[in-house]
Structures are given as structure tokens and as C-alpha cells.
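The structure file target07.cif is reproduced below (mmCIF, C-alpha atoms).
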data_input
loop_
_atom_site.label_atom_id
_atom_site.label_comp_id
_atom_site.auth_asym_id
_atom_site.auth_seq_id
_atom_site.Cartn_x
_atom_site.Cartn_y
_atom_site.Cartn_z
CA MET A 255 92.30 133.24 -59.31
CA ALA A 256 91.15 136.84 -59.17
CA ARG A 257 88.67 137.70 -61.88
CA CYS A 258 89.23 140.61 -64.26
CA SER A 259 86.04 142.28 -62.99
CA ASN A 260 87.34 142.21 -59.40
CA GLY A 261 90.59 143.88 -60.42
CA LEU A 262 88.79 146.49 -62.53
CA LEU A 263 86.38 147.25 -59.67
CA GLY A 264 89.30 147.63 -57.29
CA LEU A 265 91.02 150.02 -59.71
CA LEU A 266 87.88 152.13 -60.14
CA ASN A 267 87.35 152.35 -56.40
CA ALA A 268 90.99 153.30 -55.84
CA GLY A 269 90.31 156.33 -58.05
CA VAL A 270 87.13 157.11 -56.08
CA LEU A 271 89.15 156.81 -52.86
CA VAL A 272 91.58 159.48 -54.07
CA LEU A 273 88.65 161.70 -55.04
CA ALA A 274 87.05 161.16 -51.62
CA VAL A 275 90.23 162.25 -49.82
CA VAL A 276 90.40 165.42 -51.96
CA VAL A 277 86.71 166.28 -51.35
CA LEU A 278 86.96 165.55 -47.62
CA GLY A 279 90.12 167.65 -47.38
CA GLY A 280 88.35 170.53 -49.12
CA GLY A 281 85.45 170.33 -46.67
CA ILE A 282 87.78 170.30 -43.66
CA TRP A 283 89.71 173.26 -45.11
CA LEU A 284 86.46 175.22 -45.50
CA SER A 285 85.40 174.49 -41.90
CA ASN A 286 88.81 175.54 -40.49
CA ARG A 287 89.18 178.83 -42.36
CA ALA A 288 89.65 181.78 -40.02
CA ALA A 289 87.29 184.12 -41.91
CA THR A 290 84.48 181.80 -42.94
CA THR A 291 81.56 183.47 -44.72
CA ASP A 292 77.91 182.38 -44.56
CA CYS A 293 78.25 180.90 -48.06
CA GLU A 294 81.27 178.84 -47.05
CA ARG A 295 79.53 177.66 -43.87
CA PHE A 296 76.58 176.63 -46.02
CA MET A 297 78.86 174.62 -48.30
CA GLU A 298 81.13 172.91 -45.79
CA ARG A 299 78.66 170.33 -44.40
CA PRO A 300 77.50 168.98 -47.81
CA VAL A 301 81.14 168.81 -48.97
CA VAL A 302 82.24 166.90 -45.86
CA ALA A 303 79.19 164.60 -46.10
CA LEU A 304 79.95 163.87 -49.77
CA GLY A 305 83.59 163.13 -48.91
CA VAL A 306 82.61 160.71 -46.13
CA LEU A 307 80.08 158.97 -48.42
CA LEU A 308 82.61 158.53 -51.22
CA LEU A 309 85.24 157.33 -48.74
CA ALA A 310 82.91 154.69 -47.25
CA LEU A 311 81.78 153.52 -50.69
CA SER A 312 85.31 153.24 -52.07
CA LEU A 313 86.60 151.31 -49.03
CA ALA A 314 83.65 148.90 -49.16
CA GLY A 315 84.19 148.42 -52.88
CA LEU A 316 87.92 147.79 -52.44
CA ALA A 317 87.38 145.31 -49.61
CA GLY A 318 84.64 143.51 -51.50
CA ALA A 319 86.54 143.30 -54.78
CA LEU A 320 90.08 142.52 -53.60
CA CYS A 321 89.47 140.68 -50.32
CA GLY A 322 86.48 138.63 -51.40
CA ALA A 323 84.20 140.13 -48.72
CA SER A 324 80.84 139.33 -50.31
CA CYS A 325 78.85 140.94 -47.49
CA LEU A 326 80.64 144.28 -47.92
CA LEU A 327 80.32 144.04 -51.68
CA TRP A 328 76.56 143.43 -51.37
CA LEU A 329 76.20 146.52 -49.15
CA TYR A 330 78.36 148.46 -51.61
CA LEU A 331 76.13 147.49 -54.54
CA LEU A 332 72.99 148.38 -52.57
CA ALA A 333 74.38 151.82 -51.68
CA LEU A 334 75.52 152.34 -55.28
CA PHE A 335 72.07 151.42 -56.59
CA LEU A 336 70.42 153.92 -54.23
CA LEU A 337 72.93 156.60 -55.26
CA ILE A 338 72.17 155.97 -58.95
CA LEU A 339 68.44 156.22 -58.20
CA VAL A 340 68.82 159.49 -56.25
CA LEU A 341 71.02 161.07 -58.93
CA PHE A 342 68.59 160.04 -61.66
CA VAL A 343 65.62 161.57 -59.80
CA PHE A 344 67.58 164.77 -59.05
CA THR A 345 68.68 165.12 -62.70
CA VAL A 346 65.11 164.79 -63.98
CA PHE A 347 63.87 167.17 -61.26
CA ALA A 348 66.57 169.74 -62.15
CA PHE A 349 65.56 169.77 -65.81
CA VAL A 350 61.84 170.07 -64.91
CA VAL A 351 62.11 172.97 -62.43
CA THR A 352 64.57 174.94 -64.59
CA ASN A 353 62.61 174.53 -67.81
CA ARG A 354 60.81 177.87 -67.35
CA GLY A 355 62.27 181.36 -67.11
CA ALA A 356 64.44 183.55 -69.29
CA GLY A 357 65.67 187.12 -69.29
CA TRP A 358 63.75 189.87 -71.04
CA VAL A 359 65.48 191.94 -73.71
CA VAL A 360 65.42 195.64 -72.86
CA SER A 361 65.36 198.08 -75.76
CA GLY A 362 68.62 200.01 -76.08
CA ARG A 363 70.33 197.95 -73.37
CA GLY A 364 73.08 195.35 -73.62
CA TYR A 365 71.77 193.44 -70.62
CA ARG A 366 68.57 191.51 -69.88
CA GLU A 367 66.17 191.99 -66.98
CA TYR A 368 64.44 189.24 -65.03
CA ARG A 369 60.96 188.73 -63.58
CA LEU A 370 60.28 186.39 -60.68
CA GLY A 371 56.93 185.20 -62.05
CA ASP A 372 58.62 183.66 -65.09
CA TYR A 373 60.20 180.86 -63.02
CA SER A 374 58.70 177.66 -61.66
CA THR A 375 56.51 177.92 -58.56
CA TRP A 376 58.84 175.61 -56.63
CA LEU A 377 61.85 177.89 -57.23
CA GLN A 378 59.82 181.02 -56.43
CA ARG A 379 58.83 179.59 -53.06
CA ARG A 380 62.47 178.88 -52.20
CA VAL A 381 63.55 182.52 -52.65
CA GLU A 382 60.38 184.02 -51.21
CA ASN A 383 60.99 182.20 -47.93
CA SER A 384 62.43 184.87 -45.62
CA ALA A 385 64.94 182.52 -43.93
CA ASN A 386 66.24 181.23 -47.26
CA TRP A 387 66.49 184.72 -48.72
CA ALA A 388 68.39 186.04 -45.70
CA LYS A 389 71.09 183.43 -46.34
CA ILE A 390 71.17 184.13 -50.09
CA ARG A 391 71.30 187.89 -49.47
CA SER A 392 74.25 187.39 -47.12
CA CYS A 393 76.02 185.34 -49.79
CA LEU A 394 75.47 188.06 -52.39
CA GLN A 395 76.97 190.66 -50.07
CA ASP A 396 79.89 188.39 -49.16
CA GLY A 397 80.57 187.86 -52.87
CA LYS A 398 80.80 191.67 -53.40
CA VAL A 399 79.13 191.35 -56.81
CA CYS A 400 77.64 194.84 -56.73
CA GLU A 401 80.78 196.33 -55.17
CA LYS A 402 82.84 195.04 -58.10
CA LEU A 403 80.28 196.40 -60.55
CA GLY A 404 80.41 199.83 -58.89
CA ALA A 405 84.20 199.87 -59.19
CA ARG A 406 84.02 199.97 -63.00
CA ARG A 407 83.33 203.74 -63.05
CA GLU A 408 81.61 203.57 -66.43
CA THR A 409 79.72 206.34 -68.21
CA MET A 410 76.00 205.98 -68.83
CA ASP A 411 76.56 204.93 -72.46
CA GLN A 412 79.14 202.33 -71.42
CA PHE A 413 76.90 200.96 -68.70
CA VAL A 414 73.74 200.52 -70.79
CA GLY A 415 75.76 198.69 -73.44
CA SER A 416 77.43 196.29 -71.00
CA ASN A 417 76.46 192.65 -70.68
CA LEU A 418 75.51 192.31 -67.01
CA SER A 419 75.11 188.97 -65.27
CA PRO A 420 71.59 188.10 -64.02
CA ILE A 421 72.57 188.96 -60.43
CA GLN A 422 74.19 192.26 -61.43
CA SER A 423 71.12 193.21 -63.48
CA GLY A 424 68.60 192.23 -60.82
CA CYS A 425 70.37 193.18 -57.57
CA CYS A 426 72.77 196.05 -58.30
CA LYS A 427 70.57 198.48 -60.20
CA PRO A 428 66.87 199.48 -60.28
CA PRO A 429 64.67 198.13 -63.11
CA THR A 430 64.83 200.18 -66.30
CA GLY A 431 61.08 200.88 -66.06
CA CYS A 432 61.66 203.01 -62.94
CA ASN A 433 63.29 205.69 -65.15
CA PHE A 434 65.82 206.66 -62.49
CA ALA A 435 68.70 208.95 -63.46
CA TYR A 436 72.11 207.29 -63.73
CA VAL A 437 74.84 208.58 -61.40
CA SER A 438 77.04 205.48 -61.25
CA GLU A 439 76.59 201.75 -61.62
CA THR A 440 75.09 201.41 -58.13
CA VAL A 441 73.83 204.96 -57.51
CA TRP A 442 70.63 206.18 -59.19
CA THR A 443 68.53 209.29 -58.57
CA LYS A 444 64.77 209.09 -58.32
CA PRO A 445 62.97 211.72 -60.44
CA SER A 446 61.37 214.67 -58.63
CA GLY A 447 57.85 213.98 -57.47
CA PHE A 448 58.40 210.22 -57.54
CA ASN A 449 55.93 208.35 -55.33
CA SER A 450 55.48 204.84 -56.58
CA THR A 451 54.93 202.87 -59.77
CA ASP A 452 53.35 199.60 -60.74
CA ASP A 453 56.73 197.98 -60.08
CA PRO A 454 57.34 197.65 -56.31
CA ASP A 455 61.08 197.27 -56.97
CA CYS A 456 61.23 201.00 -57.76
CA THR A 457 60.19 201.74 -54.17
CA THR A 458 62.43 199.02 -52.74
CA TRP A 459 65.56 200.40 -54.44
CA SER A 460 68.01 202.23 -52.16
CA ASN A 461 71.33 203.97 -52.83
CA ASP A 462 72.56 202.53 -49.54
CA GLN A 463 75.34 200.24 -50.77
CA THR A 464 74.37 197.58 -48.21
CA ALA A 465 70.76 197.53 -49.46
CA LEU A 466 70.60 198.46 -53.19
CA CYS A 467 68.02 196.12 -54.74
CA TYR A 468 68.87 193.02 -52.67
CA ASP A 469 65.24 192.78 -51.50
CA CYS A 470 63.76 193.39 -54.95
CA GLN A 471 61.77 190.83 -56.89
CA SER A 472 64.19 191.38 -59.76
CA CYS A 473 67.09 190.35 -57.53
CA LYS A 474 65.36 187.11 -56.60
CA ALA A 475 64.66 186.52 -60.28
CA GLY A 476 68.33 187.18 -61.10
CA VAL A 477 69.39 184.62 -58.50
CA LEU A 478 67.01 182.07 -60.03
CA ALA A 479 68.34 182.82 -63.52
CA ASN A 480 71.85 182.19 -62.26
CA LEU A 481 70.68 179.06 -60.41
CA LYS A 482 68.96 177.81 -63.55
CA ASN A 483 72.20 178.07 -65.53
CA ASP A 484 74.15 176.30 -62.77
CA TRP A 485 71.60 173.51 -62.39
CA LYS A 486 71.60 172.87 -66.13
CA LYS A 487 75.38 172.41 -66.00
CA ILE A 488 75.15 170.21 -62.89
CA ALA A 489 72.45 168.07 -64.50
CA THR A 490 74.66 167.58 -67.57
CA VAL A 491 77.58 166.53 -65.36
CA ASN A 492 75.21 164.22 -63.46
CA ILE A 493 74.32 162.40 -66.68
CA ILE A 494 78.01 161.69 -67.30
CA PHE A 495 78.47 160.63 -63.65
CA LEU A 496 75.39 158.38 -63.88
CA ILE A 497 76.86 156.59 -66.88
CA PHE A 498 80.10 156.07 -64.91
CA LEU A 499 78.18 154.76 -61.87
CA ILE A 500 76.14 152.36 -64.01
CA ILE A 501 79.37 150.97 -65.47
CA VAL A 502 80.85 150.58 -61.96
CA TYR A 503 77.63 148.95 -60.78
CA SER A 504 77.73 146.47 -63.67
CA VAL A 505 81.37 145.58 -62.93
CA GLY A 506 80.47 145.28 -59.24
CA CYS A 507 77.68 142.81 -60.02
CA CYS A 508 80.16 140.66 -61.96
CA ALA A 509 82.63 140.84 -59.06
CA PHE A 510 79.88 139.88 -56.57
CA ARG A 511 78.95 136.87 -58.71
CA ASN A 512 82.62 135.86 -58.86
CA ASN A 513 82.95 136.10 -55.07
CA ARG A 514 79.89 133.92 -54.51
CA ARG A 515 81.16 131.36 -57.00
CA ASP A 516 84.61 131.28 -55.35
CA ASN A 517 83.14 131.02 -51.85
CA SER A 518 80.93 128.12 -52.91
CA TYR A 519 83.96 125.97 -53.88
CA PRO A 520 85.57 123.74 -51.20
CA ALA A 521 88.86 125.07 -49.84
CA TRP A 522 90.87 122.12 -51.26
CA LYS A 523 89.83 123.09 -54.76
#
Go ahead and render the structure in this file as C-alpha cells.
Amino acid sequence: MARCSNGLLGLLNAGVLVLAVVVLGGGIWLSNRAATTDCERFMERPVVALGVLLLALSLAGLAGALCGASCLLWLYLLALFLLILVLFVFTVFAFVVTNRGAGWVVSGRGYREYRLGDYSTWLQRRVENSANWAKIRSCLQDGKVCEKLGARRETMDQFVGSNLSPIQSGCCKPPTGCNFAYVSETVWTKPSGFNSTDDPDCTTWSNDQTALCYDCQSCKAGVLANLKNDWKKIATVNIIFLIFLIIVYSVGCCAFRNNRRDNSYPAWK
């Protein structure tokens, strides 16, 4: 007679199977889009890989739980254990590397500004790598974050009181310390006689709408601030997912024990 744990494991893996099909379909849709951006190309392979992994795990779990295939169920439990271990390590790592860094309050401004040196060394190295930054820069341009900011057509008073996102603050305008004159959200005039300041971002800034402050240290810091917020959310979701996986793993262990017990009985029993 089928054990309750086997049925429950089969039900849980049926849900994972549906999720795998949805994720895999999303990855295939991304790869087949006519106008695929660099960001979408960057995302499609991990999404497809995740879909394939979930599909393989769910099928192995279903076969092991409902068909009594102890070998498949053992492989399923091994893969699940490794997945739990990897997720646990990633969650701890995410909290450690995002523990440092926060925006600086600017007097008389509604937004914060960001400094690259405030973030962990590991994160700094990721954005300072020229190949990595070229991809991130392309994503920022594809996302048209600064273009949307420039379309607001705000006055100076409206702009300084607005609550900009870390990327808008770091990439779409020069640092406040440069003392540039405001023309529009993404156009600023350098004062007469300007040569350079202690902040290299003031020199890097350009009114060219394809350049702006995309190569500034403040832009890299803004990206890390945004990444920090995203990783904190992902780590929180991972904790919930880990609890779910541990429950599935426990049910799977019971189902594996049931299979071995059933297979050890003679057929006539």
C-alpha cells in the first residue's frame, strides 16, 4: 500500500513540475525574442538552466515516490541535499557581502548619493572589472533609466526635492559636490573656469545622453546600492524556499525508507 509520505512527495513534485515548465517556457521565450537586449541575453541561460534543473528534479521525485524507483529517489535526495547546501551558502554569502554600504544624505536634496568605497571589496571588484561593467552599462542604457528621468521636465526646485533611485542618482546626474548648473534632469553646465576637482566623477560627467555619468564611480555605487536591495530580498525569499526544500527533503527521506521496506518484502506478501 502506498505510504502517505510517497503520495505527499508526489504531490509536491507535481507542483514543482508545473513551476519548471513555466520557468523553462519563460527562458525559451526570452531566447526567441526578436529584439533581445544584452540584459535579456544575460538572463536567458540561467533561466533555462533553472527550468531544466527543476524539471529533472521533479520527474525524478515523481518516479521515485509513485513508481517505487528507489535508485531515482536516492539520486533525487542527493541532488536536493546539494541544492539545499548551495542555497544556504549563497544566502549567508548574500547577507555578508551586502552588509556594508548606504546612501549619503545630501543637504537640501530629496535624494541620496552613493560612494563606491562604502561597499564590500568583493562587490567593488565586480563592477570595477571592465568586462563586467561594459555589460552592466549596456543594461542601464537598454533600460532607459536616465531617458525616463530626463522626460520629466522638472524645474530645479522640483528635481532637488525628488526621491531618485540609486541608479538615477549615481548615473543620470553629476555629484552635487561638482556644483554644476542645472539645465534639465540630464543636462548640467560646468561653471566657467572649471578644470577638475577632488571628485573624478566631475570630469567624467558628459552631457552626451549616451555617456552621462555611466562611467562614474557614483554610477557603480548606485548599481551596487540597487544590487544590495535586490540581494536582500532574494536572500529573504531563499530562506522561505530553504524551509520548503527541507520539508520536501524530510518527506523524501520517509518515502525512500518506505520504498526500501516495500522492496525488501517477498513478492507473495
#### Entry: Matched chain/residue IDs from the PyMOL selection byres ((chain A and resi 486-503) around 12), as an MDAnalysis selection string
chainID A and resid 259:267 269:270 311:312 315 319 327:354 478:485 504:510
### Task
Evaluate the PyMOL selection byres ((chain A and resi 421-427) around 6) here and jot the selected residues down as a count of residues only.
12
### Task
Have a look at atom CA of A:Val414 and atom CA of A:Val381 and let me know their distance in Å, one decimal.
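About the pair atom CA of A:Val414 and atom CA of A:Val381: they are 27.5 Å apart.
Interatomic distance, atom CA of A:Asn461 to atom CA of A:Asp411: 20.3 Å.
For the atom pair formed by atom CA of A:Asp455 and atom CA of A:Gly431, the distance is 9.8 Å, given to one decimal.
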Please return the centre and edge lengths, in Å to one decimal, of a box with edges along x, y and z that contains all listed atoms of stretch 393-411 of chain A, widened by 5 Å on every side, as AutoDock Vina command-line options.
--center_x 79.8 --center_y 195.8 --center_z -60.8 --size_x 18.7 --size_y 31.0 --size_z 33.3
### Selected residue, from A:Gly397, A:Gly280, A:Val272, A:Gly355, that lies nearest to A:Thr375 when counting all atoms listed in the file
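Using all atoms listed in the file, the shortest distance to A:Thr375 belongs to A:Gly355.
Taking all atoms listed in the file into account, A:Cys258 lies nearest to A:Asn512 out of the set A:Thr430, A:Ser374, A:Asn512, A:Gln463.
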### Task
Extract, using only C-alpha atoms, all DNA, RNA and protein residues at most 8 Å from A:Leu304, discarding same-chain residues fewer than 2 positions from it, and format them as a list in words.
Ala274, Val277, Leu278, Pro300, Val301, Val302, Val306, Leu307 and Leu308 of chain A
### Query
Hey, which of A:Gly305, A:Asn513, A:Asn386, A:Ala356 ends up closest to A:Asp372? Count all atoms listed in the file.
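Checking each of A:Gly305, A:Asn513, A:Asn386, A:Ala356 against A:Asp372, counting all atoms listed in the file, the winner is A:Ala356.
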